[in-house]
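S.K.: Questions regarding the structure given below will be posed in turn.
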Amino acid sequence: MTEPALSPAERFAKARQKSTSPEIQEFANLLKFPMDPFQEQACAALAKGRGVLVAAPTGAGKTIVGEFAIHLALAKTQKVFYTTPIKALSNQKFAELSKRYGPERVGLLTGDTNQNSDAQIVVMTTEVLRNMIYANSNSLISLGYVVMDEVHYLADRFRGAVWEEVILHLPKDVKIVSLSATVSNAEEFGAWLDEVRGDTEIIVSEIRPVPLNQHVLFNDELMELFDETSKDPKVNPELAQMHATKMRTPVNKPHRGRRNDFGNPRNAQKQIHRISKPEIVDILEDEDLLPAIFFVFSRAGCEAGVKACQSSNIRLTTTEEKQEIRRLVEEKCYNIPDEDLSTLGYFEWLSGLERGVAAHHAGMLPAFKEVVEELFLRKLVKVVFATETLALGINMPARTVVLERLDKFNGESRVNLTPGEYTQLTGRAGRRGIDTQGHSVIQWGANLDPNSVAGLASKRTYPLVSPFRPTYNMSVNLLEAFGRERAREVLETSFAQFQADRSVVGLAKGIREKQASLEGYEKAMECHQGNFVEYAKFRREITDIERALAASRVRSERGKDLRQSKGRHLQEQRLNQLKRDVRSHPCHSCSEREAHARWGERWFKLSRELDSVIDQIEGRTNQVAKTFDKICDMLTDLNYIHIADGDYEVLEVGKTLSRIYGERDLLVSECLRGGVWEKLDAASLAAMAAALVYEARRDEEWEPRLPKGDFAEVMQNTSDIWYDLEELARSHKLGQTPPLDLSLTLPIFRWANGAKLDSVLDSADLLAGDFIRWTKQIIDLLDQIAQVAGPELSATAKAATDKVKRGIVAYSYYG
């Protein structure tokens, strides 16, 4: 009996199944969904013993590749580390993997949590792995794979260097699985990985597993952003026409005596009715577009959205759902001290949850955020008003994402969203296995041109640019592990240097082109009477000095250049000499002098451009290693290292520095070395740690008060050391650090001495989530001090940790 003919799709599936390795087939059988082509390609590369870089949109299923690496490690009885950029992601992944493989096989290391650290699968933050590598930890023995989730964090200005350190220093036989958002230079990043790690396959997918349908909410009408009848992405002509008509609508005349501020189209939005958030929720509910995440670019806006829904009597839950919400909240928050519930806004928060509405931002208590995430995943909370931090990796997809505007305040001014940010935010729309389509909704305003939105929505996302530079701590660790020459070689293989070198190739090509043009200009201005290049230089210098003198005279008239008279006198002397040189030069009497001069101006301008390019090349060539050399010189001056047998030797104080991580590593080390903090009590040391880690979100206009006792004197000594280090760094042409911020010293001092949460939050002008975040960093620094300081200060640091880690801080730390 003949078998029935297979369709093309069935033949393709059968052929693909034959080509799939047994490991992949076994793994695929464990999944809920069939593997996508990019997942199969990445898993096949891993099965062949290669490393991989997978760049794909949010929600595309990149973590499947990481989980296949775990599958391979277990089969080979090797260890596997799963690294994430933030503790919340580590906790989430730990819970997922524990459920799948059993709690006895999975560990968690996040700096403040050490759980089953010898397990075969360990989830950790990237910083923890970096510290393990420098400490040459035994945990690295039999390590087969490292999954680096959200590896595009490498571009983070403050923490990005950690990813490069790990990639550069992991043993070469460890396979790295790099999982990234869709970056526009994935191929460049992959080429670097291939160079420094060996055989690495680059897999880029720009296909969303759940297609995105993009809408504009025009007043109360939900319209398509793109023309569905067009094959190419074109703006919906009806939407474009409505926008143009609205912008041409004449403004109403103001009432007598009222100032008219509607004088141009930019102000037309002031008379446009923007419907409220509760009205948008009603529209989304009617259109079956819930659950939804509203991205609001301020914490106050998130809280205001919840309050508006409560005031409008929005109710999105059934009686049974309300009861389930209350049960989960009480289970998760039972051990928060009763006295703190009101301070934390617990009852208002619970009221919103029971209606199916919540906020999510960094100022919230971590436990509150985790409850919101869990309730949203369980489909009990239907609407979340969130800041953009929610888009950074937390597994919390929605059917719909709403953007009320396409610009945000960056701390200094309003800036437009980048294509990358837009992609990251809208990437939350569409739940795989639940939704056939995800939806984005942008609220229309006069400053929102549909064509601009369409351009933003259709661009490939942001480039990955490395901010990597050596630090004092990194430098002593490199010297201790590798010695100077090997350390320089390692730094020269960083992604930052890789990108700089690639840019040098382009600059060098430009040099050759400019040199050819210069030769042509030089030929064109040849003069039979003399050296016209020399003559042209005299004329150019005359022009430059005359401009400088004119600018100096203007500053003098304004009283801003009172000390420059001596400099002006020298310039005037030089100017007079140049004019004499020009008049006596042979080329001055040439009949074609001005024609030659025009070529001379071009030559001179291009010559300056060429000098600038050469300076750029010199600045970029070996730039990372040059910074390392400057740091080594400075550390030599400070006696942290010295030269012995032709190489640097790390001295004992340098070994202390190697165990202090953070932007103020050298300042902390110098203060420990000088015994500056020895007479501080535990609460005062906690306050000092606050000054070392805290950075205000905005400029403080008030003079912060300091703890009583010895603190002011010790703080002055600490600030003096900071100033001396800054001066020394400046002399070595190294980067500067900001002055110590004392805004949090007294609130932390009071908290460590037992003050109540409400009074501390009020005096610190912080929300609970921010307070928790800063106390965790303070505790981290105190832990470092306890590990490296002498016996007395170490005991004080441990006591300070205990005093800070109480109440809601302890609950959030261990919760």
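Note on naming: chains are A, B, ... as they come in the structure tokens, residues start from 1 per chain, ligands start from 1 in the order shown.
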Just the residues within 9 Å of region 715-730 of chain A, please, counting only C-alpha atoms, with nothing from its chain fewer than 4 positions along; format it as a PDB file with N, CA and C atoms, in the first residue's frame.
M.R.:
ATOM      1  N   LYS A 630      47.835  54.748  32.526  1.00  0.00           N
ATOM      2  CA  LYS A 630      47.720  55.935  33.390  1.00  0.00           C
ATOM      3  C   LYS A 630      47.305  55.542  34.805  1.00  0.00           C
ATOM      4  N   ILE A 631      46.380  54.591  34.900  1.00  0.00           N
ATOM      5  CA  ILE A 631      45.953  54.118  36.222  1.00  0.00           C
ATOM      6  C   ILE A 631      47.118  53.463  36.951  1.00  0.00           C
ATOM      7  N   MET A 634      49.342  56.075  38.349  1.00  0.00           N
ATOM      8  CA  MET A 634      48.765  56.703  39.534  1.00  0.00           C
ATOM      9  C   MET A 634      48.824  55.763  40.737  1.00  0.00           C
ATOM     10  N   LEU A 666      38.731  53.521  44.932  1.00  0.00           N
ATOM     11  CA  LEU A 666      40.015  54.036  45.418  1.00  0.00           C
ATOM     12  C   LEU A 666      39.828  54.914  46.654  1.00  0.00           C
ATOM     13  N   LEU A 667      38.769  55.708  46.691  1.00  0.00           N
ATOM     14  CA  LEU A 667      38.502  56.546  47.861  1.00  0.00           C
ATOM     15  C   LEU A 667      38.261  55.675  49.095  1.00  0.00           C
ATOM     16  N   VAL A 668      37.463  54.628  48.952  1.00  0.00           N
ATOM     17  CA  VAL A 668      37.214  53.722  50.078  1.00  0.00           C
ATOM     18  C   VAL A 668      38.535  53.110  50.547  1.00  0.00           C
ATOM     19  N   GLU A 670      41.610  54.259  50.209  1.00  0.00           N
ATOM     20  CA  GLU A 670      42.473  55.261  50.856  1.00  0.00           C
ATOM     21  C   GLU A 670      42.006  55.586  52.269  1.00  0.00           C
ATOM     22  N   CYS A 671      40.679  55.634  52.460  1.00  0.00           N
ATOM     23  CA  CYS A 671      40.149  55.932  53.793  1.00  0.00           C
ATOM     24  C   CYS A 671      40.411  54.772  54.750  1.00  0.00           C
ATOM     25  N   VAL A 676      40.785  56.541  58.568  1.00  0.00           N
ATOM     26  CA  VAL A 676      39.948  57.730  58.700  1.00  0.00           C
ATOM     27  C   VAL A 676      38.635  57.439  59.420  1.00  0.00           C
ATOM     28  N   TRP A 677      38.102  56.223  59.245  1.00  0.00           N
ATOM     29  CA  TRP A 677      36.770  55.919  59.788  1.00  0.00           C
ATOM     30  C   TRP A 677      36.811  55.148  61.103  1.00  0.00           C
ATOM     31  N   MET A 688      28.187  57.189  56.604  1.00  0.00           N
ATOM     32  CA  MET A 688      29.322  57.431  55.709  1.00  0.00           C
ATOM     33  C   MET A 688      29.160  56.608  54.430  1.00  0.00           C
ATOM     34  N   ALA A 691      26.908  58.321  52.046  1.00  0.00           N
ATOM     35  CA  ALA A 691      27.545  59.408  51.292  1.00  0.00           C
ATOM     36  C   ALA A 691      28.382  58.877  50.142  1.00  0.00           C
ATOM     37  N   ASP A 710      31.383  62.861  66.012  1.00  0.00           N
ATOM     38  CA  ASP A 710      32.614  62.940  65.225  1.00  0.00           C
ATOM     39  C   ASP A 710      32.358  62.960  63.715  1.00  0.00           C
ATOM     40  N   PHE A 711      31.106  62.799  63.308  1.00  0.00           N
ATOM     41  CA  PHE A 711      30.846  62.555  61.892  1.00  0.00           C
ATOM     42  C   PHE A 711      31.326  63.701  61.004  1.00  0.00           C
ATOM     43  N   LEU A 734      43.104  61.355  33.998  1.00  0.00           N
ATOM     44  CA  LEU A 734      42.097  60.309  34.202  1.00  0.00           C
ATOM     45  C   LEU A 734      40.759  60.949  34.535  1.00  0.00           C
ATOM     46  N   GLY A 735      39.692  60.172  34.398  1.00  0.00           N
ATOM     47  CA  GLY A 735      38.344  60.682  34.615  1.00  0.00           C
ATOM     48  C   GLY A 735      38.101  61.111  36.051  1.00  0.00           C
ATOM     49  N   GLN A 736      37.103  61.985  36.217  1.00  0.00           N
ATOM     50  CA  GLN A 736      36.780  62.541  37.528  1.00  0.00           C
ATOM     51  C   GLN A 736      35.517  61.881  38.087  1.00  0.00           C
ATOM     52  N   THR A 737      35.364  61.933  39.410  1.00  0.00           N
ATOM     53  CA  THR A 737      34.144  61.446  40.060  1.00  0.00           C
ATOM     54  C   THR A 737      33.444  62.635  40.705  1.00  0.00           C
ATOM     55  N   PRO A 739      31.470  64.990  43.535  1.00  0.00           N
ATOM     56  CA  PRO A 739      31.660  65.148  44.988  1.00  0.00           C
ATOM     57  C   PRO A 739      30.712  64.230  45.754  1.00  0.00           C
ATOM     58  N   LEU A 740      31.048  63.966  47.012  1.00  0.00           N
ATOM     59  CA  LEU A 740      30.185  63.133  47.850  1.00  0.00           C
ATOM     60  C   LEU A 740      28.839  63.818  48.044  1.00  0.00           C
TER      61      LEU A 740
END
S.K.: Write out, as a tab-separated table, each residue of region 587-651 of chain A that has an atom at most 9 Å from region 484-497 of chain A, together with the closest pair of atoms and their distance in Å to one decimal, counting only C-alpha atoms, rows going by chain and rising number.
M.R.:
residue	atom	partner	partner_atom	distance
A:Arg620	CA	A:Gln497	CA	7.7
A:Thr621	CA	A:Gln497	CA	7.9
A:Asn622	CA	A:Glu492	CA	6.4
A:Gln623	CA	A:Gln497	CA	6.9
A:Val624	CA	A:Leu491	CA	6.2
A:Ala625	CA	A:Arg488	CA	5.4
A:Lys626	CA	A:Arg488	CA	8.6
A:Phe628	CA	A:Arg488	CA	7.4
A:Asp629	CA	A:Arg488	CA	8.4
A:Asp647	CA	A:Arg484	CA	6.3
A:Tyr648	CA	A:Arg484	CA	6.3
S.K.: Distance CA of Ala755 (chain A)-CA of Ile779 (chain A), one decimal place?
M.R.: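 Between these atoms lies a distance of 17.6 Å.
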S.K.: Could you work out how far CA of Phe376 (chain A) lies from CA of Ile325 (chain A), giving the answer in Å with one decimal?
M.R.: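 Value for the CA of Ile325 (chain A)-CA of Phe376 (chain A) distance: 10.4 Å.
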S.K.: Quick one: residues within 12 Å of Ala28 (chain A), only C-alpha atoms counted, chain neighbours fewer than 2 positions away excluded, as a list in words?
M.R.: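 Here the answer would be Gln17, Thr20, Ser21, Pro22, Glu23, Ile24, Gln25, Glu26, Leu30, Leu31, Lys32, Phe33, Pro34, Met35, Asp36, Gln39, Glu40, Cys43, Ala44, Ile64, Val65, Glu67, Phe68 and His71 of chain A.
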S.K.: Taking N, CA and C atoms for each residue, export the selection above as a short mmCIF file (atom, residue, chain, number, x, y, z; two decimals), in the first residue's frame.
M.R.:
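Output saved as again27.cif:
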data_model
loop_
_atom_site.label_atom_id
_atom_site.label_comp_id
_atom_site.auth_asym_id
_atom_site.auth_seq_id
_atom_site.Cartn_x
_atom_site.Cartn_y
_atom_site.Cartn_z
N GLN A 17 13.23 17.53 10.79
CA GLN A 17 13.29 16.60 11.90
C GLN A 17 14.46 15.63 11.74
N THR A 20 17.73 17.25 12.68
CA THR A 20 17.84 17.69 14.07
C THR A 20 18.57 16.64 14.89
N SER A 21 19.50 17.09 15.76
CA SER A 21 20.26 16.16 16.59
C SER A 21 19.34 15.55 17.66
N PRO A 22 19.72 14.39 18.21
CA PRO A 22 18.90 13.76 19.26
C PRO A 22 18.71 14.66 20.47
N GLU A 23 19.79 15.43 20.84
CA GLU A 23 19.67 16.33 22.00
C GLU A 23 18.59 17.37 21.77
N ILE A 24 18.57 17.95 20.55
CA ILE A 24 17.59 18.99 20.25
C ILE A 24 16.18 18.37 20.21
N GLN A 25 16.06 17.20 19.60
CA GLN A 25 14.75 16.56 19.51
C GLN A 25 14.21 16.24 20.91
N GLU A 26 15.08 15.74 21.77
CA GLU A 26 14.68 15.41 23.14
C GLU A 26 14.24 16.68 23.88
N LEU A 30 10.07 18.67 25.25
CA LEU A 30 9.71 19.20 26.58
C LEU A 30 9.00 20.55 26.49
N LEU A 31 9.00 21.16 25.30
CA LEU A 31 8.48 22.52 25.15
C LEU A 31 6.99 22.54 24.86
N LYS A 32 6.37 23.67 25.21
CA LYS A 32 4.94 23.84 24.95
C LYS A 32 4.67 24.17 23.49
N PHE A 33 5.63 24.87 22.84
CA PHE A 33 5.45 25.30 21.46
C PHE A 33 6.54 24.71 20.58
N PRO A 34 6.24 24.53 19.28
CA PRO A 34 7.31 24.11 18.35
C PRO A 34 8.41 25.17 18.32
N MET A 35 9.64 24.73 18.12
CA MET A 35 10.75 25.69 18.09
C MET A 35 10.72 26.51 16.80
N ASP A 36 11.04 27.80 16.94
CA ASP A 36 11.14 28.68 15.78
C ASP A 36 12.48 28.42 15.08
N GLN A 39 15.57 29.60 16.90
CA GLN A 39 15.88 28.80 18.09
C GLN A 39 16.57 27.49 17.68
N GLU A 40 16.05 26.87 16.63
CA GLU A 40 16.66 25.63 16.14
C GLU A 40 18.10 25.86 15.69
N CYS A 43 20.31 26.37 18.78
CA CYS A 43 20.49 25.11 19.51
C CYS A 43 21.40 24.15 18.74
N ALA A 44 21.27 24.15 17.40
CA ALA A 44 22.14 23.30 16.58
C ALA A 44 23.60 23.71 16.72
N ILE A 64 14.76 30.20 25.42
CA ILE A 64 14.73 28.78 25.04
C ILE A 64 16.15 28.30 24.72
N VAL A 65 16.93 29.17 24.07
CA VAL A 65 18.31 28.80 23.73
C VAL A 65 19.13 28.64 25.00
N GLU A 67 17.98 27.78 27.88
CA GLU A 67 17.53 26.57 28.55
C GLU A 67 18.07 25.31 27.86
N PHE A 68 18.31 25.40 26.55
CA PHE A 68 18.93 24.26 25.86
C PHE A 68 20.37 24.09 26.35
N HIS A 71 20.11 22.14 29.37
CA HIS A 71 19.83 20.76 28.99
C HIS A 71 21.13 20.02 28.62
#
S.K.: So how far away is CA of Val204 (chain A) from CA of Leu53 (chain A), in Å?
M.R.: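 Going from CA of Leu53 (chain A) over to CA of Val204 (chain A), I get 8.1 Å.
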S.K.: Could you pull out the residues in region 180-374 of chain A that DSSP calls strand (DSSP E or B) from the backbone, as a list in words?
M.R.: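 Written out, the strand (DSSP E or B) residues of region 180-374 of chain A are Ser180, Thr200, Glu201, Ile202, Ile203, Val204, Leu212, Asn213, Gln214, His215, Val216, Leu217, Phe218, Glu221, Leu222, Met223, Glu224, Phe226, Val235, Ala292, Ile293, Phe294, Phe295, Val357, Ala358, Ala359 and His360 of chain A.
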S.K.: Could you list, as a list in words, every residue within 8 Å of Pro470 (chain A), counting only C-alpha atoms and ignoring same-chain residues fewer than 2 positions away?
M.R.: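 Here the qualifying residues turn out to be Phe468, Tyr472, Met474, Ser475, Val624, Thr627 and Phe628 of chain A.
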S.K.: For the residues in the current selection, export all heavy atoms as an mmCIF file, in the first residue's frame.
M.R.:
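File written: selection_17.cif
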data_model
loop_
_atom_site.group_PDB
_atom_site.id
_atom_site.type_symbol
_atom_site.label_atom_id
_atom_site.label_comp_id
_atom_site.auth_asym_id
_atom_site.auth_seq_id
_atom_site.Cartn_x
_atom_site.Cartn_y
_atom_site.Cartn_z
ATOM 1 N N PHE A 468 33.128 50.616 27.989
ATOM 2 C CA PHE A 468 34.148 49.954 28.814
ATOM 3 C C PHE A 468 35.382 50.831 29.022
ATOM 4 O O PHE A 468 35.910 51.407 28.085
ATOM 5 C CB PHE A 468 34.551 48.656 28.121
ATOM 6 C CG PHE A 468 35.594 47.847 28.849
ATOM 7 C CD1 PHE A 468 35.227 46.933 29.807
ATOM 8 C CD2 PHE A 468 36.936 47.995 28.553
ATOM 9 C CE1 PHE A 468 36.179 46.167 30.463
ATOM 10 C CE2 PHE A 468 37.897 47.243 29.204
ATOM 11 C CZ PHE A 468 37.514 46.320 30.171
ATOM 12 N N TYR A 472 40.192 51.392 38.883
ATOM 13 C CA TYR A 472 41.313 51.097 39.776
ATOM 14 C C TYR A 472 41.234 49.648 40.261
ATOM 15 O O TYR A 472 42.227 48.917 40.254
ATOM 16 C CB TYR A 472 41.300 52.060 40.969
ATOM 17 C CG TYR A 472 41.415 53.512 40.559
ATOM 18 C CD1 TYR A 472 40.329 54.369 40.655
ATOM 19 C CD2 TYR A 472 42.608 54.019 40.051
ATOM 20 C CE1 TYR A 472 40.427 55.700 40.270
ATOM 21 C CE2 TYR A 472 42.725 55.345 39.657
ATOM 22 C CZ TYR A 472 41.618 56.184 39.760
ATOM 23 O OH TYR A 472 41.714 57.495 39.369
ATOM 24 N N MET A 474 39.609 47.100 38.842
ATOM 25 C CA MET A 474 39.849 46.195 37.725
ATOM 26 C C MET A 474 41.339 46.090 37.430
ATOM 27 O O MET A 474 41.864 44.996 37.163
ATOM 28 C CB MET A 474 39.108 46.693 36.471
ATOM 29 C CG MET A 474 39.164 45.743 35.297
ATOM 30 S SD MET A 474 38.676 46.510 33.722
ATOM 31 C CE MET A 474 37.044 47.104 34.082
ATOM 32 N N SER A 475 42.037 47.205 37.504
ATOM 33 C CA SER A 475 43.459 47.222 37.154
ATOM 34 C C SER A 475 44.292 46.373 38.099
ATOM 35 O O SER A 475 45.148 45.590 37.660
ATOM 36 C CB SER A 475 43.974 48.670 37.128
ATOM 37 O OG SER A 475 43.299 49.418 36.138
ATOM 38 N N VAL A 624 42.144 51.908 25.404
ATOM 39 C CA VAL A 624 41.826 51.244 26.669
ATOM 40 C C VAL A 624 43.109 50.921 27.428
ATOM 41 O O VAL A 624 43.209 51.166 28.632
ATOM 42 C CB VAL A 624 40.998 49.966 26.412
ATOM 43 C CG1 VAL A 624 40.682 49.261 27.728
ATOM 44 C CG2 VAL A 624 39.700 50.309 25.679
ATOM 45 N N THR A 627 44.631 54.038 28.990
ATOM 46 C CA THR A 627 43.985 54.401 30.253
ATOM 47 C C THR A 627 44.504 53.518 31.380
ATOM 48 O O THR A 627 44.777 53.988 32.486
ATOM 49 C CB THR A 627 42.452 54.261 30.130
ATOM 50 O OG1 THR A 627 41.981 55.092 29.074
ATOM 51 C CG2 THR A 627 41.755 54.638 31.427
ATOM 52 N N PHE A 628 44.660 52.233 31.094
ATOM 53 C CA PHE A 628 45.210 51.292 32.077
ATOM 54 C C PHE A 628 46.617 51.727 32.498
ATOM 55 O O PHE A 628 46.956 51.706 33.697
ATOM 56 C CB PHE A 628 45.227 49.893 31.466
ATOM 57 C CG PHE A 628 45.946 48.852 32.276
ATOM 58 C CD1 PHE A 628 45.417 48.385 33.470
ATOM 59 C CD2 PHE A 628 47.159 48.327 31.830
ATOM 60 C CE1 PHE A 628 46.083 47.402 34.207
ATOM 61 C CE2 PHE A 628 47.822 47.351 32.554
ATOM 62 C CZ PHE A 628 47.289 46.892 33.748
#
S.K.: I'd like the contact shell of region 438-453 of chain A - 7 Å cut-off, only C-alpha atoms, skipping same-chain residues fewer than 5 positions apart - returned as number ranges by chain.
M.R.: A: 210-218, 235, 240, 247, 266, 268-269, 399-405, 426, 429-430
S.K.: Quick one: residues within 7 Å of region 161-168 of chain A, only C-alpha atoms counted, chain neighbours fewer than 2 positions away excluded, as a PyMOL selection string?
M.R.: chain A and resi 126-127+130+154+159+170+196+467-469+494
S.K.: As a PyMOL selection string, please: the residues near region 277-292 of chain A (cut-off 7 Å, only C-alpha atoms, same-chain neighbours under 4 positions excluded).
M.R.: chain A and resi 305+308-309+312+382-384+398-401
S.K.: Could you check the closest approach to Ala752 (chain A) for each of A:Arg773, A:Lys803, A:Arg431, A:Lys655 and tell me which residue wins, using only C-alpha atoms?
M.R.: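 Closest to Ala752 (chain A), using only C-alpha atoms: A:Lys803.
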